[in-house]
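Inspection log for the structure reproduced underneath, given as structure tokens.
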Amino acid sequence: MNDVKEPLIRLVNITKRFKELTAVKGVSLDVYPGEKLVIIGPSGSGKSTLLRAINLLEEVDEGNIRFEGREVGYVTRLGKRHLDKPHNICTLRAEIGMVFQHFHLFPHMTVLGNVMEGPLTVQKKGADESRQIAVDMLDKVGLSDKKDVYPATLSGGQKQRVAIARALAMKPKLMLFDEPTSALDPELVGEVFDTIHTLADEGMTMLIVTHHMGFARELADRVIFMEAGSFLAEGEPKEFFSKGQENERIRGFLNRLL
Amino acid sequence: MKYFVSRALAALLFLSMLTGICQAEVNYDALSRKASDLMAMGDLPGAVEILKQIPAPERNADGSAFVASRMQMARIYASLEEADNALAANQEILALYPDNSEARNFAAALKQQQMPRWRSVLADCRRFLPSLLKGATMTLLLVFCTMLVSPLGGLLIALGRISTLKPVSALCWFIIWFFRGTPLLLQLFFIYYGLPAFGVTLPPLTAAVIGLGLNYSAYLGEIIRGAIQSIDHGQMEAAKAIGMTYGQAMRRVIIPQTYKRLMPPVGNEFIALIKDTALVSTIAMVELMRSADQLFNTYFNITALALAACIYLLLTSIFTFMFEKIEYRAGIYERR
Ligand SMILES: Nc1ncnc2c1ncn2[C@@H]1O[C@H](COP(=O)(O)OP(=O)(O)OP(=O)(O)O)[C@@H](O)[C@H]1O
Ligand SMILES: [Mg+2]
């Protein structure tokens with residue numbers, strides 16, 4: 001991937017504190033277009049916080065974020081750091097899709113309504129165009145037959161696939177997945193992974209937090225192990241999982257998962 | 001000489017007439033006083049006998065003593081349940097003074113008392129209903145105006161309360177604190193009777209709508225704020241994650257989800273509102289409560305109050321039913 005000079009997103013020295021607790025400690029990271037990056041690590045190590053910092057759901061205390069070479073998210077006024085104008089933040093978020101552990105579908109909208117909401121309200125496309133996009137995305141995740149039902153009637157796996165379709169409808173350049181299968185019954189995990197795989201094959205750039213090592217090994221170009229707010233190790237999956245056994249902390253973590 | 005005698009006679013005649021009249025008045029006075037004494041002692045038939053001695057007035061003479069005596073007789077007979085005699089006494093007045101409204105009303109009431117109970121109640125209803133319905137129209141107008149104003153005001157107050165802008169949030173906190181913390185009656189008095197001291201004079205309807213509107217906005221504000229904050233935080237995050245602004249997220253995602261949760265408490269508030277409109281009768285507005293009160297004070301007839309209660313119940317029942325329907329519709333997406 002290093003033949004592409006410009007990273008899609010570059011994090012420099014990101015630090016996030018919650019009162020005394022420092023959840024993310026000076027993390028730097030480059031993600032190149034088309035790259036599939038998996039972040040693993042124990043609970044409370046700051047994985048979600050880092051992911052949320054990328055699309056500015058979390059306002060960080062230090063560090064810079066560059067998206068396609070532009071400095072995004074923060075401005076300095078009178079020597080003080082501020083979040084950028086809401087408009088610019090929304091523009092950035094519209095280009096980054098996010099999938100949550102607990103789906104967060106809009107329960108008062110049908111499946112189709114959920115998926116077309118972004119194009120319709122945020123991108124202000126017409127109803128017909130938005131509907132067409134939504135239908136295409138639902139096709140992609142294999143749920144076009146469910147388009148007129150409300151989310152309450154779906155299984156967990158179907159809900160998550162709708163959530164993925166909702167994010168994709170915005171035609172994002174980067175997808176963030178925060179433990180997309182952790183809330184699912186084991187037999188439903190597969191369908192969601194398959195959907196993510198399809199995306200990966202289409203060349204989508206993605207950052208995935210997961211506890212499924214098999215999935216990480218299979219999908220990732222690069223695996224990062226995070227602990228206590230910093231990156232402890234990273235590498236290509238093969239190398240990572242073999243070498244990882246040498247690091248006591250990583251070994252402990254992997255063994256606990258298996 | 002002859003001239004002098006005739007003059008003297010005339011004067012004498014005049015004087016005797018004068019004293020005669022005075023005598024007569026004094027006598028009537030004494031008679032009525034005696035009658036009241038007898039009544040006070042419980043001797044009603046005796047009182048009637050005395051009152052009967054007060055004769056009908058001569059043509060063009062003052063008949064007030066006579067009218068008073070016959071009214072008194074009619075009342076005594078009525079209380080003795082001798083309706084025919086009471087009517088006869090009444091008739092004596094009406095024969096001389098057909099326009100005497102006191103006698104007429106009394107006669108009408110007597111005739112009604114002779115009807116079966118249900119028919120007299122029905123007749124009361126027919127008599128009271130037009131003005132009660134007029135009052136109810138005003139009550140409904142007030143309710144609808146407040147129902148238009150207060151959800152908007154409540155939404156603004158709720159959004160202000162959860163705003164990160166400190167002054168806005170503080171102002172909205174103050175509004176809620178003030179309007180929930182003082183009696184509505186006092187607020188209405190202040191707006192209608194108090195504001196003129198500051199050079200603002202409002203017609204009663206405007207004052208009532210402002211008072212009710214502010215009060216209910218404050219209550220609904222707290223309810224709406226609670227409902228907004230009860231929506232899972234993930235909803236706001238998901239909305240933001242697809243690029244929505246705060247406003248878009250509120251309008252498209254958060255607020256629509258509050259509808260179902262809002263219906264039961266808001267329904268409660270609006271039912272309370274129907275009854276709270278009765279308070280505006282104190283600021284010169286004639287609505288249902290005031291109409292009922294006026295009728296009751298004119299006729300001392302409890303049917304007016306009972307009828308008003310029925311109208312209030314009818315209105316609140318319609319509202320209860322309506323809000324149950326709306327709640328069901330608003331939550332349709334939660335059913336599997
Ligand atoms: N809003 C918050 N306020 C205070 N502390 C927080 C907040 N969000 C996260 N934290 C803390 O920051 C730390 C990192 O949290 P984070 O959710 O990023 O961990 P994680 O790696 O995603 O864990 P998990 O695997 O359980 O999801 C935790 O100790 C958590 O308690
Ligand atoms: Mg997490």
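Residue numbering restarts at 1 in every chain; chains get A, B, ... in the order shown in the structure tokens, and ligands count up from 1 in that same order.
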At most 7 Å to chain B: residues in chain A, only C-alpha atoms, as a compact mmCIF listing (two decimals) with N, CA, C and O atoms, in the first residue's frame:
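For reference, result.txt as written:
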# COMPACT_ATOMS: atom_id res chain seq x y z
N CYS A 90 -19.89 18.50 9.80
CA CYS A 90 -20.90 17.66 9.15
C CYS A 90 -20.40 17.19 7.78
O CYS A 90 -20.65 16.06 7.38
N THR A 91 -19.72 18.08 7.08
CA THR A 91 -19.19 17.70 5.77
C THR A 91 -18.21 16.54 5.91
O THR A 91 -18.24 15.58 5.12
N ARG A 93 -18.10 14.32 8.39
CA ARG A 93 -18.81 13.11 8.82
C ARG A 93 -19.55 12.47 7.66
O ARG A 93 -19.70 11.24 7.61
N ALA A 94 -20.03 13.31 6.73
CA ALA A 94 -20.77 12.77 5.59
C ALA A 94 -19.87 11.91 4.72
O ALA A 94 -20.35 11.05 3.99
N GLY A 97 -18.28 6.83 6.94
CA GLY A 97 -19.40 6.04 7.44
C GLY A 97 -19.04 5.40 8.77
O GLY A 97 -17.88 5.08 9.01
N MET A 98 -20.05 5.26 9.64
CA MET A 98 -19.75 4.60 10.91
C MET A 98 -20.84 3.58 11.23
O MET A 98 -22.02 3.83 11.06
N HIS A 104 -28.12 1.29 16.27
CA HIS A 104 -28.71 2.63 16.31
C HIS A 104 -29.47 2.95 15.04
O HIS A 104 -29.34 4.03 14.47
N PHE A 106 -32.83 4.07 13.09
CA PHE A 106 -33.89 4.99 13.49
C PHE A 106 -35.20 4.20 13.55
O PHE A 106 -35.74 3.82 12.51
N PRO A 107 -35.73 3.94 14.74
CA PRO A 107 -36.84 2.99 14.86
C PRO A 107 -38.14 3.49 14.24
O PRO A 107 -39.00 2.69 13.90
N HIS A 108 -38.26 4.81 14.06
CA HIS A 108 -39.52 5.35 13.56
C HIS A 108 -39.55 5.42 12.05
O HIS A 108 -40.52 5.89 11.46
N GLY A 118 -29.88 9.67 4.81
CA GLY A 118 -28.65 10.43 4.57
C GLY A 118 -28.69 11.19 3.25
O GLY A 118 -28.58 12.42 3.23
N VAL A 122 -29.24 14.93 4.35
CA VAL A 122 -27.89 15.53 4.44
C VAL A 122 -27.41 15.99 3.08
O VAL A 122 -26.98 17.13 2.91
N TYR A 150 -40.43 -2.03 9.61
CA TYR A 150 -39.74 -1.21 10.60
C TYR A 150 -38.63 -2.04 11.25
O TYR A 150 -38.74 -3.27 11.36
N ALA A 152 -37.84 -2.73 14.15
CA ALA A 152 -38.20 -3.58 15.29
C ALA A 152 -38.46 -5.02 14.89
O ALA A 152 -38.34 -5.93 15.70
N THR A 153 -38.83 -5.23 13.60
CA THR A 153 -39.18 -6.59 13.18
C THR A 153 -37.97 -7.37 12.67
O THR A 153 -38.12 -8.53 12.29
N ALA A 167 -24.97 3.60 6.16
CA ALA A 167 -23.69 4.30 6.07
C ALA A 167 -23.22 4.38 4.62
O ALA A 167 -22.75 5.41 4.16
- Message: Taking only C-alpha atoms and all ligand atoms into account, list the residues no farther than 8 Å from ligand 1, as a PyMOL selection string.
- Response: chain A and resi 17-19+21-24+41-50+178-179+226-229
Take the selection from the previous step and output its residues with N, CA and C atoms, as a PDB file, in the first residue's frame.
ATOM      1  N   ARG A  17      -8.650  12.912  26.919  1.00  0.00           N
ATOM      2  CA  ARG A  17      -8.766  12.677  28.363  1.00  0.00           C
ATOM      3  C   ARG A  17     -10.226  12.773  28.796  1.00  0.00           C
ATOM      4  N   PHE A  18     -10.596  11.871  29.687  1.00  0.00           N
ATOM      5  CA  PHE A  18     -11.859  12.016  30.416  1.00  0.00           C
ATOM      6  C   PHE A  18     -11.484  12.306  31.859  1.00  0.00           C
ATOM      7  N   LYS A  19     -11.602  13.557  32.258  1.00  0.00           N
ATOM      8  CA  LYS A  19     -11.154  13.950  33.605  1.00  0.00           C
ATOM      9  C   LYS A  19      -9.727  13.469  33.847  1.00  0.00           C
ATOM     10  N   LEU A  21      -8.686  10.360  33.617  1.00  0.00           N
ATOM     11  CA  LEU A  21      -8.353   9.215  32.773  1.00  0.00           C
ATOM     12  C   LEU A  21      -7.954   9.654  31.365  1.00  0.00           C
ATOM     13  N   THR A  22      -6.803   9.181  30.902  1.00  0.00           N
ATOM     14  CA  THR A  22      -6.432   9.450  29.519  1.00  0.00           C
ATOM     15  C   THR A  22      -6.767   8.217  28.700  1.00  0.00           C
ATOM     16  N   ALA A  23      -7.811   8.349  27.879  1.00  0.00           N
ATOM     17  CA  ALA A  23      -8.316   7.191  27.143  1.00  0.00           C
ATOM     18  C   ALA A  23      -7.470   6.898  25.917  1.00  0.00           C
ATOM     19  N   VAL A  24      -6.962   7.955  25.264  1.00  0.00           N
ATOM     20  CA  VAL A  24      -6.084   7.792  24.107  1.00  0.00           C
ATOM     21  C   VAL A  24      -4.846   8.643  24.340  1.00  0.00           C
ATOM     22  N   GLY A  41      -7.746  -5.224  21.029  1.00  0.00           N
ATOM     23  CA  GLY A  41      -7.221  -4.801  22.326  1.00  0.00           C
ATOM     24  C   GLY A  41      -8.249  -5.019  23.407  1.00  0.00           C
ATOM     25  N   PRO A  42      -7.798  -5.048  24.652  1.00  0.00           N
ATOM     26  CA  PRO A  42      -8.719  -5.328  25.755  1.00  0.00           C
ATOM     27  C   PRO A  42      -9.746  -4.224  25.950  1.00  0.00           C
ATOM     28  N   SER A  43     -10.780  -4.553  26.691  1.00  0.00           N
ATOM     29  CA  SER A  43     -11.848  -3.597  26.959  1.00  0.00           C
ATOM     30  C   SER A  43     -11.308  -2.383  27.712  1.00  0.00           C
ATOM     31  N   GLY A  44     -11.767  -1.215  27.303  1.00  0.00           N
ATOM     32  CA  GLY A  44     -11.345   0.015  27.971  1.00  0.00           C
ATOM     33  C   GLY A  44     -10.002   0.530  27.499  1.00  0.00           C
ATOM     34  N   SER A  45      -9.459  -0.053  26.409  1.00  0.00           N
ATOM     35  CA  SER A  45      -8.135   0.373  25.965  1.00  0.00           C
ATOM     36  C   SER A  45      -8.206   1.620  25.086  1.00  0.00           C
ATOM     37  N   GLY A  46      -9.398   2.065  24.749  1.00  0.00           N
ATOM     38  CA  GLY A  46      -9.527   3.312  24.000  1.00  0.00           C
ATOM     39  C   GLY A  46      -9.813   3.123  22.522  1.00  0.00           C
ATOM     40  N   LYS A  47     -10.188   1.915  22.104  1.00  0.00           N
ATOM     41  CA  LYS A  47     -10.445   1.653  20.687  1.00  0.00           C
ATOM     42  C   LYS A  47     -11.632   2.469  20.180  1.00  0.00           C
ATOM     43  N   SER A  48     -12.740   2.401  20.917  1.00  0.00           N
ATOM     44  CA  SER A  48     -13.923   3.147  20.492  1.00  0.00           C
ATOM     45  C   SER A  48     -13.641   4.640  20.495  1.00  0.00           C
ATOM     46  N   THR A  49     -12.969   5.079  21.524  1.00  0.00           N
ATOM     47  CA  THR A  49     -12.684   6.504  21.628  1.00  0.00           C
ATOM     48  C   THR A  49     -11.878   6.980  20.425  1.00  0.00           C
ATOM     49  N   LEU A  50     -10.905   6.180  20.014  1.00  0.00           N
ATOM     50  CA  LEU A  50     -10.080   6.551  18.865  1.00  0.00           C
ATOM     51  C   LEU A  50     -10.929   6.612  17.593  1.00  0.00           C
ATOM     52  N   ASP A 178     -17.278  -0.213  14.694  1.00  0.00           N
ATOM     53  CA  ASP A 178     -16.930  -0.387  16.107  1.00  0.00           C
ATOM     54  C   ASP A 178     -17.619  -1.644  16.642  1.00  0.00           C
ATOM     55  N   GLU A 179     -16.883  -2.719  16.687  1.00  0.00           N
ATOM     56  CA  GLU A 179     -17.411  -4.015  17.139  1.00  0.00           C
ATOM     57  C   GLU A 179     -18.774  -4.324  16.514  1.00  0.00           C
ATOM     58  N   MET A 226      -4.049  -2.432  20.654  1.00  0.00           N
ATOM     59  CA  MET A 226      -4.110  -1.217  21.463  1.00  0.00           C
ATOM     60  C   MET A 226      -4.284  -1.604  22.919  1.00  0.00           C
ATOM     61  N   GLU A 227      -3.559  -0.901  23.765  1.00  0.00           N
ATOM     62  CA  GLU A 227      -3.748  -1.137  25.194  1.00  0.00           C
ATOM     63  C   GLU A 227      -3.506   0.148  25.962  1.00  0.00           C
ATOM     64  N   ALA A 228      -4.386   0.415  26.905  1.00  0.00           N
ATOM     65  CA  ALA A 228      -4.266   1.582  27.773  1.00  0.00           C
ATOM     66  C   ALA A 228      -4.023   2.860  26.985  1.00  0.00           C
ATOM     67  N   GLY A 229      -4.705   3.002  25.859  1.00  0.00           N
ATOM     68  CA  GLY A 229      -4.666   4.262  25.128  1.00  0.00           C
ATOM     69  C   GLY A 229      -3.532   4.399  24.130  1.00  0.00           C
TER      70      GLY A 229
END
Using only C-alpha atoms and all ligand atoms, the shortest atom-to-atom distance to ligand 2 among A:Val115, A:Val141, A:Met170, A:Val209 belongs to A:Val209
| field | Shell of 9 Å around Glu327 in chain B, only C-alpha atoms, local chain residues under 2 positions omitted, as a ChimeraX atom specification | value | /B:259-264,322-325,329-332
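Considering the residues B:Leu122, B:Ala10, B:Ala65, B:Ile157 and counting only C-alpha atoms, Ser32 in chain B has its shortest atom-to-atom contact with B:Ala65.
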### Message
as a PyMOL selection string, please: every residue in range 68-253 of chain A that DSSP puts in alpha helix (DSSP H).
### Response
chain A and resi 86-94+111-117+127-140+156-168+186-201+213-219+237-244+248-253
Among A:Phe231, A:Phe193, A:Phe177, A:Phe215, ligand 2 is approached most closely, using only C-alpha atoms and all ligand atoms, by A:Phe177
How many Å lie between CA of Asp84 in chain A and CA of Glu59 in chain A, rounded to one decimal?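 Going from CA of Asp84 in chain A over to CA of Glu59 in chain A, I get 10.4 Å.
From CA of Met213 in chain A back to CA of Ile250 in chain A, the distance works out to 12.2 Å.
Interatomic distance, CA of Asn297 in chain B against CA of Ile93 in chain B: 24.8 Å.
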Between range 229-289 of chain B and range 302-311 of chain B, at 12 Å or less, what are the per-residue closest atom pairs and their distances in Å? Count only C-alpha atoms, order by chain and rising residue number, and return it as a tab-separated table.
residue	atom	partner	partner_atom	distance
B:Ile274	CA	B:Ile311	CA	10.7
B:Lys275	CA	B:Ala309	CA	10.2
B:Ala278	CA	B:Ala308	CA	11.0
B:Glu287	CA	B:Ala308	CA	10.5
B:Leu288	CA	B:Ala308	CA	6.8
B:Met289	CA	B:Ala308	CA	7.1
query: With only C-alpha atoms and all ligand atoms as the atoms that count, which of A:Ile40, A:Thr110, A:Leu188, A:Gly252 lies nearest to ligand 2?
result: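 So, comparing all the options, the nearest one is A:Ile40.
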Going by DSSP on the backbone, which bits of range 9-227 of chain A are strand (DSSP E or B)? Write them as a count of residues only, please.
63
Next item on the list: Write out as a list of chain:residue names which residues come within 10 Å of Gly190 in chain A when counting only C-alpha atoms, dropping same-chain ones fewer than 4 positions away.
Entry: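 Answer for this query is A:Gly157, A:Thr181, A:Leu184, A:Asp185, A:Pro186, A:Asp194, A:Thr195, A:Ile196, A:Phe215.
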Keeping C-alpha atoms, export the residues of the selection given above as a compact mmCIF listing (two decimals), in the first residue's frame.
# COMPACT_ATOMS: atom_id res chain seq x y z
CA GLY A 157 -27.84 -9.46 11.89
CA THR A 181 -20.81 -8.14 15.63
CA LEU A 184 -25.10 -10.42 17.80
CA ASP A 185 -25.94 -14.02 18.49
CA PRO A 186 -23.07 -16.19 17.20
CA ASP A 194 -19.89 -11.54 4.70
CA THR A 195 -21.32 -8.11 4.04
CA ILE A 196 -18.15 -6.42 5.29
CA PHE A 215 -12.03 -12.30 10.91
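Shortest atom-to-atom contact with ligand 2 among A:Ala220, A:Val99, A:Gly244, A:Ala233: A:Val99, counting only C-alpha atoms and all ligand atoms.
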